[in-house]
Structure formats: structure tokens, C-alpha cells
Amino acid sequence: MNGAGPIARLVDQFARLPGIGPKTAQRLAFHILNEPPETARSLARALVEAREKVRRCSGCCDLTDGDPCAICRDPRRNREVICVVEQPRDVMAVEKSRGFRGLYHVLHGAISPMSGVGPGELTIRELMERLAKDGVREVILATNPNVEGDATALYLARLIKPSGIRVTRLAHGLPVGASLEYADEMTLSKALEGRQDLG
Amino acid sequence: MIVRRLMLRNFRNLADLCWSPHPFLNILSGNNAQGKTNLLEAIFFCTTGRSFRTRRDKEMIGWAGQECFAGAELEGLNSSFEISARLNANAGGRTTFLLNGRRQPRQKIFRPAMSVSFTPADLEMVNGSPSERRRWIDLDLGTFDARYQHSLESFERVMTQRNNLLKNAGRQTTRELLEPWNEQMFLYGSRVIEARIRLLKLLLPHLRKVFSVLTSGKEEISLKYLSSLPLEKGTKPEDLRRLYEETVRKGFVREAERQQTLFGPHRDDLAFFINGEDARKYGSRGQQRTLVIALKISVVKMFFGEYGDYPVVLLDDVFLELDRHRQKGLEELLEGEAQVFITSNRRLDGSFGGRGKTYTVAGGKVIGGEE
């Protein structure tokens, strides 16, 4: 949409969001304009409030509205284990599994020289500071199973190992409940590599 | 794999076509620029999801409109299915693929080696740059190893990242930063090299036999994998990774100077020898053509050995530059096994065992079908 009127400005703002193209931006803008003014006001309030109140937790670097975050504050959590993930949404994913009761550390990315992301751009310094004082016994590297995630995990493993803390990596394998015939070859061969003894 | 029916709309010059080919041999004759190669391209496209001529799908859309449809009814060992594609020339328009009428991502539909093609451009495999030979190994042989594509793609990604690091930091690149990339480069790179050598070894007996039939036993073929790593005859797969590490350790100063990755499967090459002479330097055009055809057909045979089914064989202008004996050899190799499509602008007088039909392609239409 051309011009600089309020509609065009709104469309333009939506179009800057990830995953939103010009068409979707237009649809969103007109949707808002067709709704009662209160809808727009509450959306604007929610946006501003979230942006102003949410910050990085001083412990795990996850996004939070209270510092430290709810997980870092929780006394029932096992403080000896830290699960390192790339993004805040990964914390939610692991939390949903309810299988992990330790703490997290969010890196906010993975090492990628072609995007200009080196170790200095991630929250690695914060992680090392935590490891130096908190009595952590194990670090689980749960970065994504791709080239960048693996590079980040390898880098961290090298950095942490000398301190004597146990470093582990999430296993690659088959999705639970799925049948073998639908697994892709790569997942299957990774699952074969990581097979375990029974009984 | 057999093409039972081919349906095209606005595919290059093939405006509207519905054709049921012969289950064995299909000879497509006709003058230049009538649509013979386009027909092969359409079959290739419906069995691989890409073109052998272009990387841009949109080029396959004819002049008559903004859209194009290509579909094929296929029959495998014990399954029949239909693959179709819709191409869209509009800005931002994408190609969508359908399996039995349901939209699916490209990589879900196409299984390895549903078809093998020979086109005159494939001669580059012998006399072109090393990248052409690597491309052949990656595409034609890579399909025999389930991990190959993943290893290769991961290696290429790692190398891009590593090159970026070398370029930006130059001589200052620290070991600490390079280490995570090196480690993955050794892992995926040695897997790719190991797989290439293993697959070439599997291919070699087929290639020897096919080449001998094509040349009436007069010529002998051999090949050698030329690596940027100092491989020796006895280098075992499990030693590859260590060898890779050593090579990079020794060569790192040069890598830092040139600011790029100098060792690995992306620098490797393949040499062919006919009666002991390097085919690239000393082979005649006819010999080079024979070699490329032999490579393609030995992949077909190897595929049958592994999976018990033949890919569809697409041969564009294959008889050009082949003498009568070699033509006969080729007929002998193809007779009554795979479904074969051959284009030619001359009338073929070969017998081909009588199991096939000759069609004429004219003005984007397929005419006739003589036994």
C-alpha cells in the first residue's frame, strides 16, 4: 500500500513482522479497523505492556516479567542441572514435556559466522558466570540438531569440560508413538547410532 | 518404474498432450524443435521433481499462459500412483507437487532413481570441470546411500560457515572459534568421501561390463577417485577422518591466507581411463560419449541390482556420434528390460528386439505409434 496515511502506516508496521507478507498485513490492518476501537486499544496496551515489562532474567536469560523468572525462583527445581537452549520458545517446549526439573539457560541464538553471530553475541559469558558459582553438576546441551546448533554445542562443551562439570547432549531419535516406516532415513540412522541395551 | 500415461498442458511447446507410451521401447523421431526433448524433460520432471535443463521451473511454462501442468501415471514394482505438478509464472508463483491428487512437499514424493537421463550436455561429465563429475556422483550415485544427501548438505553448510569465519577473521581466526566447525567438517566430509569411494566401487563391475558390451570387448574402462586428501590405496574408511584432520592441521596456514576451505570432498575429482589412457585428455568424442552412456546405463543396472526395479531411461540424441557397433551394443543393453525413451532426428533402423514403438513428434504433438 502506498501513501503515508494511518492505514498505510499500520499495514507497513504489520508487514515488518516475521512471517507476515504484504497481503496478510493488509488483512490484519483491515480486521483491526473493522473491530470496535476497544480491540485496537487492548492490543496496543498488550504490546506496550509486554515490551516494557518483559526483560531477560538475570539468572537464565529467558524472557520474564519478574526477575528472577518463575523457574529460577522455584525452590523445587534442581539447581544442579542446567539445560542450555537457543530460544525462549525452546524453554516452553522442554517445559511442556514435564520431564525436566532443573534450570535453563537461554543463549538467544546459535553460532553462525555467515549471519555475524559469534560466541560474543550469545549469552555464553552469563552461562560461564553461573557455572563458576552455582554448584552445577551437569549441563545438558539442547541446542537444535543442525549444523549451527551442533557447532554451538561443541564450542560450549570445550569451554565447560575443563571445569569438571558433566556435559551431555540431547539424543537424536525416533518420535514416540510413530511407526518406523514413516521415519525419514536420517532420523532412523541417528536412532540406530544412539541405540540402547534392553534389560 | 513405468510411465503408463503422461498428461501435459502448456509444458514448453507441448500445449495439450495425453499420451500412453509403450512399456518398453519408445522411439521419438521428428525434425528439430518439434518437442522431442521437451517430452523427455517432462517425464524427467514428473519422476525427479526437477529439470535436466534448468534450475528455474518457470522456464518450463509455455508461451500460451501463466500456468503449466505436468502429470504422470506411474507403475512401480508393486504400486501404481500419479504424480503431478502445477507451475505458476506469476511473481512469487511456486511449483506445487501432488501425489495421487494430494499436495505434498517435493522431497516426500520423489524417491531415488525413478528415472535416469542422458542428454548431450552430460558430456561435460567427462570433458568439463571437476564440479560436473562431483555433481554426477552426488545426484546419480548419492541416491544409493540414505545418509548421503544429509552428509553432503551438512558438509556444504559447515564449509560456508567456516569460509565466512576464515574470510572475516583472516589470519586472526582463532583455533577456539574454528574448532566446532572443523570437527563437523571432518565428520561430514569424511562421510561424503567414504560414501563416494564405496559407491564407485559398487558401480565399477557394472561399468566394466556395460563398457565392454558397448565397445564389443575392444576397450577397457577404469576409474580413479582423485582426492584433495592424500588417500592411499590401503586407506581404510575409519582412518579417513584422522587423515582429514592431519591434512587440515598441516595446511591451515594456506587456508588462512587464501581465506577458504581447501581440503575436502568439494575439491575432489574423478578420472576415467580407457585402455589406460586418460579419457578426458586422449579420448575421442565417440569414446567420451560412449563413456557417459556407459556411466548412465551402469547406474540403471546397479539400481536394478539394489532395488529389483529399473528406473525410466531417458536418452536424448544418444546415437549421435556412435558407430554401428556401439549402437548395436546399446540396443543389446537396453533390450526388453527398462522402459526406454529415445529421441532421434533420423529414422532408426535398429531392430531393438521388436518390443517397442516409433512415434513422430511434430508441432508439440505425438503422432503414430508403429510397432
# chains A, B, ... in the order shown; residues from 1 in each chain; ligands from 1
>>> interface_residues(of="chain A", to="chain B", cutoff="10 Å", atoms="only C-alpha atoms", output="number ranges by chain")
A: 111-116, 118-119, 146-148, 150-159, 184-190
>>> write_last_selection(atoms="C-alpha atoms", output="CSV table (one decimal), in the first residue's frame")
chain,number,residue,atom,x,y,z
A,111,ILE,CA,26.9,-19.6,16.5
A,112,SER,CA,26.7,-18.7,12.8
A,113,PRO,CA,29.5,-16.7,11.2
A,114,MET,CA,27.5,-16.1,8.0
A,115,SER,CA,24.9,-14.2,10.0
A,116,GLY,CA,27.6,-12.5,12.0
A,118,GLY,CA,29.8,-15.4,17.2
A,119,PRO,CA,30.1,-16.6,20.8
A,146,ASN,CA,21.5,-28.8,12.9
A,147,VAL,CA,25.0,-27.7,11.9
A,148,GLU,CA,24.8,-24.4,13.8
A,150,ASP,CA,25.9,-28.7,16.9
A,151,ALA,CA,28.7,-26.1,16.5
A,152,THR,CA,27.4,-24.2,19.4
A,153,ALA,CA,27.2,-27.3,21.5
A,154,LEU,CA,30.7,-28.4,20.6
A,155,TYR,CA,32.0,-24.9,21.4
A,156,LEU,CA,30.3,-24.9,24.8
A,157,ALA,CA,31.4,-28.5,25.6
A,158,ARG,CA,35.0,-27.5,25.0
A,159,LEU,CA,34.6,-24.4,27.2
A,184,ASP,CA,13.0,-40.4,7.4
A,185,GLU,CA,16.3,-42.2,6.7
A,186,MET,CA,18.4,-39.7,8.6
A,187,THR,CA,16.4,-39.9,11.8
A,188,LEU,CA,16.4,-43.7,11.6
A,189,SER,CA,20.2,-43.8,11.1
A,190,LYS,CA,20.7,-41.4,14.0
>>> residues_around(residues="stretch 30-40 of chain A", least_positions_apart="2", cutoff="12 Å", atoms="only C-alpha atoms", output="list in words")
Pro6, Ile7, Ala8, Leu10, Val11, Phe14, Lys23, Thr24, Ala25, Gln26, Arg27, Leu28, Ser42, Leu43, Ala44, Arg45, Ala46 and Leu47 of chain A
>>> write_last_selection(atoms="N, CA and C atoms", output="PDB file, in the first residue's frame")
ATOM      1  N   PRO A   6      -2.651   6.907   7.911  1.00  0.00           N
ATOM      2  CA  PRO A   6      -2.618   5.990   9.047  1.00  0.00           C
ATOM      3  C   PRO A   6      -2.819   4.531   8.634  1.00  0.00           C
ATOM      4  N   ILE A   7      -3.656   4.281   7.610  1.00  0.00           N
ATOM      5  CA  ILE A   7      -3.862   2.881   7.187  1.00  0.00           C
ATOM      6  C   ILE A   7      -2.563   2.309   6.639  1.00  0.00           C
ATOM      7  N   ALA A   8      -1.932   3.085   5.752  1.00  0.00           N
ATOM      8  CA  ALA A   8      -0.687   2.623   5.150  1.00  0.00           C
ATOM      9  C   ALA A   8       0.365   2.366   6.223  1.00  0.00           C
ATOM     10  N   LEU A  10      -0.116   1.507   9.333  1.00  0.00           N
ATOM     11  CA  LEU A  10      -0.469   0.295  10.065  1.00  0.00           C
ATOM     12  C   LEU A  10      -0.066  -0.948   9.263  1.00  0.00           C
ATOM     13  N   VAL A  11      -0.427  -0.944   7.962  1.00  0.00           N
ATOM     14  CA  VAL A  11      -0.085  -2.085   7.107  1.00  0.00           C
ATOM     15  C   VAL A  11       1.428  -2.284   7.107  1.00  0.00           C
ATOM     16  N   PHE A  14       2.695  -3.923  10.293  1.00  0.00           N
ATOM     17  CA  PHE A  14       2.410  -5.367  10.334  1.00  0.00           C
ATOM     18  C   PHE A  14       3.347  -6.120   9.410  1.00  0.00           C
ATOM     19  N   LYS A  23       0.144  -8.985   1.811  1.00  0.00           N
ATOM     20  CA  LYS A  23      -1.288  -9.319   1.768  1.00  0.00           C
ATOM     21  C   LYS A  23      -1.849  -9.555   3.158  1.00  0.00           C
ATOM     22  N   THR A  24      -1.118 -10.381   3.948  1.00  0.00           N
ATOM     23  CA  THR A  24      -1.564 -10.680   5.297  1.00  0.00           C
ATOM     24  C   THR A  24      -1.587  -9.403   6.126  1.00  0.00           C
ATOM     25  N   ALA A  25      -0.577  -8.545   5.926  1.00  0.00           N
ATOM     26  CA  ALA A  25      -0.503  -7.291   6.679  1.00  0.00           C
ATOM     27  C   ALA A  25      -1.762  -6.470   6.421  1.00  0.00           C
ATOM     28  N   GLN A  26      -2.166  -6.439   5.155  1.00  0.00           N
ATOM     29  CA  GLN A  26      -3.369  -5.680   4.807  1.00  0.00           C
ATOM     30  C   GLN A  26      -4.608  -6.261   5.474  1.00  0.00           C
ATOM     31  N   ARG A  27      -4.684  -7.610   5.441  1.00  0.00           N
ATOM     32  CA  ARG A  27      -5.839  -8.269   6.033  1.00  0.00           C
ATOM     33  C   ARG A  27      -5.921  -7.949   7.533  1.00  0.00           C
ATOM     34  N   LEU A  28      -4.764  -8.021   8.216  1.00  0.00           N
ATOM     35  CA  LEU A  28      -4.730  -7.733   9.648  1.00  0.00           C
ATOM     36  C   LEU A  28      -5.166  -6.286   9.914  1.00  0.00           C
ATOM     37  N   SER A  42      -6.860  -2.475  23.338  1.00  0.00           N
ATOM     38  CA  SER A  42      -6.321  -3.527  24.205  1.00  0.00           C
ATOM     39  C   SER A  42      -5.115  -4.203  23.554  1.00  0.00           C
ATOM     40  N   LEU A  43      -5.120  -4.296  22.216  1.00  0.00           N
ATOM     41  CA  LEU A  43      -3.946  -4.861  21.529  1.00  0.00           C
ATOM     42  C   LEU A  43      -2.733  -3.963  21.757  1.00  0.00           C
ATOM     43  N   ALA A  44      -2.948  -2.646  21.593  1.00  0.00           N
ATOM     44  CA  ALA A  44      -1.851  -1.700  21.775  1.00  0.00           C
ATOM     45  C   ALA A  44      -1.323  -1.773  23.212  1.00  0.00           C
ATOM     46  N   ARG A  45      -2.248  -1.827  24.172  1.00  0.00           N
ATOM     47  CA  ARG A  45      -1.826  -1.924  25.569  1.00  0.00           C
ATOM     48  C   ARG A  45      -1.006  -3.180  25.822  1.00  0.00           C
ATOM     49  N   ALA A  46      -1.516  -4.301  25.267  1.00  0.00           N
ATOM     50  CA  ALA A  46      -0.818  -5.569  25.489  1.00  0.00           C
ATOM     51  C   ALA A  46       0.591  -5.515  24.906  1.00  0.00           C
ATOM     52  N   LEU A  47       0.712  -4.925  23.728  1.00  0.00           N
ATOM     53  CA  LEU A  47       2.025  -4.815  23.076  1.00  0.00           C
ATOM     54  C   LEU A  47       2.990  -4.007  23.929  1.00  0.00           C
TER      55      LEU A  47
END
>>> atom_distance(atom1="atom CA of B:Arg346", atom2="atom CA of B:Gln287")
21.2 Å
>>> select_by_dssp(residues="stretch 43-232 of chain B", states="helix (DSSP H, G or I)", output="MDAnalysis selection string")
chainID B and resid 43:48 57:60 106:109 120:127 130:144 148:172 175:214
>>> select_by_dssp(residues="stretch 68-118 of chain B", states="strand (DSSP E)", output="PyMOL selection string")
chain B and resi 68-75+80-88+96-99+102-104+115-118
>>> residues_around(residues="B:Ala33", least_positions_apart="4", cutoff="12 Å", atoms="only C-alpha atoms", output="list of chain:residue names")
B:Arg12, B:Asn13, B:Leu14, B:Ser29, B:Thr37, B:Asn38, B:Leu39, B:Thr343, B:Ser344, B:Asn345, B:Val361, B:Ala362, B:Gly363, B:Gly364, B:Lys365
>>> write_last_selection(atoms="all heavy atoms", output="tab-separated table (two decimals), in the first residue's frame")
chain	number	residue	atom	x	y	z
B	12	ARG	N	6.29	-26.12	-22.02
B	12	ARG	CA	7.08	-25.63	-23.16
B	12	ARG	C	6.19	-25.60	-24.42
B	12	ARG	O	5.13	-24.99	-24.38
B	12	ARG	CB	8.36	-26.45	-23.36
B	12	ARG	CG	9.31	-26.27	-22.17
B	12	ARG	CD	10.70	-26.63	-22.55
B	12	ARG	NE	11.58	-26.72	-21.39
B	12	ARG	CZ	12.48	-25.78	-21.07
B	12	ARG	NH1	12.63	-24.71	-21.80
B	12	ARG	NH2	13.25	-25.93	-20.00
B	13	ASN	N	6.58	-26.32	-25.51
B	13	ASN	CA	5.73	-26.24	-26.71
B	13	ASN	C	4.65	-27.31	-26.74
B	13	ASN	O	3.92	-27.44	-27.71
B	13	ASN	CB	6.58	-26.28	-27.98
B	13	ASN	CG	7.00	-27.70	-28.32
B	13	ASN	OD1	7.14	-28.52	-27.42
B	13	ASN	ND2	7.17	-28.00	-29.60
B	14	LEU	N	4.58	-28.12	-25.67
B	14	LEU	CA	3.57	-29.18	-25.65
B	14	LEU	C	2.29	-28.62	-25.03
B	14	LEU	O	2.13	-28.60	-23.82
B	14	LEU	CB	4.09	-30.38	-24.85
B	14	LEU	CG	5.47	-30.88	-25.31
B	14	LEU	CD1	6.09	-31.81	-24.28
B	14	LEU	CD2	5.36	-31.57	-26.66
B	29	SER	N	10.86	-39.82	-32.96
B	29	SER	CA	11.60	-39.22	-34.06
B	29	SER	C	10.89	-37.94	-34.49
B	29	SER	O	9.79	-37.64	-34.04
B	29	SER	CB	11.69	-40.21	-35.22
B	29	SER	OG	10.40	-40.42	-35.74
B	37	THR	N	12.76	-33.35	-27.07
B	37	THR	CA	13.48	-33.22	-25.80
B	37	THR	C	12.56	-32.72	-24.69
B	37	THR	O	12.68	-33.12	-23.53
B	37	THR	CB	14.69	-32.28	-25.96
B	37	THR	OG1	15.50	-32.77	-27.03
B	37	THR	CG2	15.52	-32.22	-24.69
B	38	ASN	N	11.59	-31.85	-25.07
B	38	ASN	CA	10.63	-31.35	-24.08
B	38	ASN	C	9.85	-32.51	-23.47
B	38	ASN	O	9.53	-32.49	-22.28
B	38	ASN	CB	9.66	-30.37	-24.73
B	38	ASN	CG	10.37	-29.11	-25.20
B	38	ASN	OD1	11.54	-28.90	-24.86
B	38	ASN	ND2	9.68	-28.30	-25.98
B	39	LEU	N	9.56	-33.50	-24.30
B	39	LEU	CA	8.82	-34.67	-23.83
B	39	LEU	C	9.65	-35.44	-22.79
B	39	LEU	O	9.15	-35.83	-21.73
B	39	LEU	CB	8.50	-35.56	-25.03
B	39	LEU	CG	7.27	-36.44	-24.96
B	39	LEU	CD1	6.02	-35.64	-24.69
B	39	LEU	CD2	7.12	-37.23	-26.25
B	343	THR	N	15.18	-40.16	-28.22
B	343	THR	CA	14.86	-39.20	-29.28
B	343	THR	C	15.90	-39.31	-30.38
B	343	THR	O	17.05	-39.65	-30.13
B	343	THR	CB	14.89	-37.75	-28.78
B	343	THR	OG1	16.25	-37.41	-28.46
B	343	THR	CG2	14.03	-37.56	-27.56
B	344	SER	N	15.47	-39.03	-31.59
B	344	SER	CA	16.41	-39.03	-32.70
B	344	SER	C	15.79	-38.27	-33.86
B	344	SER	O	14.59	-38.35	-34.08
B	344	SER	CB	16.71	-40.47	-33.13
B	344	SER	OG	17.43	-40.45	-34.33
B	345	ASN	N	16.60	-37.51	-34.59
B	345	ASN	CA	16.03	-36.85	-35.77
B	345	ASN	C	16.28	-37.63	-37.05
B	345	ASN	O	15.98	-37.20	-38.14
B	345	ASN	CB	16.51	-35.39	-35.90
B	345	ASN	CG	18.01	-35.30	-35.85
B	345	ASN	OD1	18.70	-36.29	-36.05
B	345	ASN	ND2	18.51	-34.11	-35.58
B	361	VAL	N	7.19	-36.91	-33.36
B	361	VAL	CA	6.82	-35.70	-32.62
B	361	VAL	C	6.87	-34.54	-33.59
B	361	VAL	O	7.89	-34.29	-34.23
B	361	VAL	CB	7.78	-35.45	-31.43
B	361	VAL	CG1	7.35	-34.21	-30.67
B	361	VAL	CG2	7.81	-36.65	-30.51
B	362	ALA	N	5.73	-33.85	-33.75
B	362	ALA	CA	5.68	-32.71	-34.68
B	362	ALA	C	4.77	-31.64	-34.09
B	362	ALA	O	3.64	-31.92	-33.68
B	362	ALA	CB	5.15	-33.16	-36.04
B	363	GLY	N	5.28	-30.43	-34.05
B	363	GLY	CA	4.47	-29.29	-33.58
B	363	GLY	C	3.89	-29.49	-32.20
B	363	GLY	O	2.78	-29.07	-31.92
B	364	GLY	N	4.63	-30.16	-31.31
B	364	GLY	CA	4.16	-30.33	-29.94
B	364	GLY	C	3.15	-31.45	-29.79
B	364	GLY	O	2.47	-31.56	-28.78
B	365	LYS	N	3.00	-32.29	-30.81
B	365	LYS	CA	2.07	-33.42	-30.70
B	365	LYS	C	2.80	-34.73	-30.95
B	365	LYS	O	3.78	-34.77	-31.69
B	365	LYS	CB	0.95	-33.27	-31.75
B	365	LYS	CG	0.12	-32.00	-31.60
B	365	LYS	CD	-1.36	-32.33	-31.68
B	365	LYS	CE	-2.26	-31.12	-31.45
B	365	LYS	NZ	-2.02	-30.46	-30.15
>>> residues_around(residues="stretch 63-77 of chain A", least_positions_apart="3", cutoff="8 Å", atoms="only C-alpha atoms", output="VMD selection string")
chain A and resid 53 to 60 88 101 to 103
>>> atom_distance(atom1="atom CA of B:Ala256", atom2="atom CA of B:Arg175")
11.3 Å
>>> decode(residues="stretch 97-111 of chain A", atoms="all heavy atoms", output="short mmCIF file (atom, residue, chain, number, x, y, z; two decimals), in the first residue's frame")
data_model
loop_
_atom_site.label_atom_id
_atom_site.label_comp_id
_atom_site.auth_asym_id
_atom_site.auth_seq_id
_atom_site.Cartn_x
_atom_site.Cartn_y
_atom_site.Cartn_z
N SER A 97 7.16 -30.90 28.23
CA SER A 97 7.44 -32.33 28.37
C SER A 97 7.31 -32.74 29.85
O SER A 97 7.12 -33.91 30.15
CB SER A 97 8.86 -32.64 27.89
OG SER A 97 9.81 -32.26 28.88
N ARG A 98 7.43 -31.81 30.78
CA ARG A 98 7.35 -32.06 32.21
C ARG A 98 8.36 -33.10 32.67
O ARG A 98 8.27 -33.65 33.76
CB ARG A 98 5.95 -32.54 32.62
CG ARG A 98 4.91 -31.47 32.40
CD ARG A 98 3.52 -31.99 32.72
NE ARG A 98 2.58 -30.88 32.70
CZ ARG A 98 2.33 -30.13 33.77
NH1 ARG A 98 2.93 -30.35 34.92
NH2 ARG A 98 1.47 -29.14 33.67
N GLY A 99 9.32 -33.41 31.82
CA GLY A 99 10.29 -34.44 32.16
C GLY A 99 11.56 -33.83 32.73
O GLY A 99 12.47 -34.54 33.12
N PHE A 100 11.63 -32.52 32.77
CA PHE A 100 12.87 -31.88 33.22
C PHE A 100 12.58 -30.98 34.40
O PHE A 100 11.69 -30.13 34.36
CB PHE A 100 13.46 -31.07 32.06
CG PHE A 100 14.72 -30.35 32.42
CD1 PHE A 100 15.88 -31.06 32.69
CD2 PHE A 100 14.74 -28.96 32.51
CE1 PHE A 100 17.05 -30.39 33.04
CE2 PHE A 100 15.91 -28.30 32.86
CZ PHE A 100 17.06 -29.02 33.13
N ARG A 101 13.32 -31.17 35.50
CA ARG A 101 13.05 -30.38 36.70
C ARG A 101 14.22 -29.48 37.09
O ARG A 101 14.31 -29.00 38.21
CB ARG A 101 12.69 -31.30 37.89
CG ARG A 101 11.45 -32.14 37.66
CD ARG A 101 10.22 -31.31 37.38
NE ARG A 101 9.82 -30.47 38.51
CZ ARG A 101 9.01 -29.42 38.42
NH1 ARG A 101 8.53 -29.08 37.23
NH2 ARG A 101 8.69 -28.72 39.47
N GLY A 102 15.16 -29.32 36.21
CA GLY A 102 16.30 -28.47 36.52
C GLY A 102 16.06 -27.04 36.08
O GLY A 102 14.93 -26.61 35.88
N LEU A 103 17.15 -26.27 35.91
CA LEU A 103 17.06 -24.88 35.45
C LEU A 103 17.45 -24.79 33.97
O LEU A 103 17.94 -25.75 33.40
CB LEU A 103 17.98 -23.99 36.29
CG LEU A 103 17.71 -23.97 37.80
CD1 LEU A 103 18.72 -23.06 38.48
CD2 LEU A 103 16.29 -23.52 38.11
N TYR A 104 17.21 -23.60 33.42
CA TYR A 104 17.53 -23.40 32.00
C TYR A 104 18.60 -22.34 31.82
O TYR A 104 18.90 -21.57 32.74
CB TYR A 104 16.28 -22.94 31.24
CG TYR A 104 15.22 -24.00 31.14
CD1 TYR A 104 14.21 -24.08 32.10
CD2 TYR A 104 15.23 -24.92 30.11
CE1 TYR A 104 13.24 -25.04 32.03
CE2 TYR A 104 14.26 -25.89 30.02
CZ TYR A 104 13.27 -25.95 30.99
OH TYR A 104 12.33 -26.92 30.91
N HIS A 105 19.13 -22.29 30.61
CA HIS A 105 19.89 -21.12 30.19
C HIS A 105 19.59 -20.86 28.72
O HIS A 105 19.73 -21.75 27.89
CB HIS A 105 21.39 -21.32 30.39
CG HIS A 105 22.14 -20.04 30.24
ND1 HIS A 105 22.32 -19.15 31.28
CD2 HIS A 105 22.73 -19.48 29.16
CE1 HIS A 105 22.98 -18.10 30.85
NE2 HIS A 105 23.25 -18.26 29.56
N VAL A 106 19.14 -19.64 28.42
CA VAL A 106 18.76 -19.31 27.03
C VAL A 106 19.88 -18.53 26.36
O VAL A 106 20.30 -17.48 26.85
CB VAL A 106 17.46 -18.47 27.00
CG1 VAL A 106 17.08 -18.16 25.56
CG2 VAL A 106 16.33 -19.22 27.70
N LEU A 107 20.37 -19.06 25.24
CA LEU A 107 21.51 -18.43 24.55
C LEU A 107 21.09 -17.27 23.66
O LEU A 107 21.88 -16.42 23.31
CB LEU A 107 22.22 -19.47 23.68
CG LEU A 107 22.93 -20.62 24.41
CD1 LEU A 107 23.39 -21.66 23.38
CD2 LEU A 107 24.12 -20.10 25.20
N HIS A 108 19.84 -17.25 23.26
CA HIS A 108 19.32 -16.28 22.29
C HIS A 108 20.03 -16.39 20.95
O HIS A 108 20.45 -15.40 20.36
CB HIS A 108 19.41 -14.85 22.85
CG HIS A 108 18.47 -14.63 23.99
ND1 HIS A 108 17.13 -14.37 23.81
CD2 HIS A 108 18.66 -14.68 25.32
CE1 HIS A 108 16.54 -14.27 24.99
NE2 HIS A 108 17.44 -14.45 25.93
N GLY A 109 20.14 -17.62 20.46
CA GLY A 109 20.71 -17.82 19.13
C GLY A 109 21.69 -18.99 19.12
O GLY A 109 21.83 -19.71 20.10
N ALA A 110 22.34 -19.18 17.96
CA ALA A 110 23.37 -20.19 17.81
C ALA A 110 24.52 -19.56 17.02
O ALA A 110 24.30 -18.62 16.27
CB ALA A 110 22.82 -21.41 17.07
N ILE A 111 25.72 -20.10 17.20
CA ILE A 111 26.88 -19.56 16.49
C ILE A 111 26.68 -19.71 14.98
O ILE A 111 26.36 -20.79 14.49
CB ILE A 111 28.16 -20.29 16.90
CG1 ILE A 111 28.42 -20.07 18.39
CG2 ILE A 111 29.36 -19.79 16.09
CD1 ILE A 111 29.63 -20.83 18.92
#
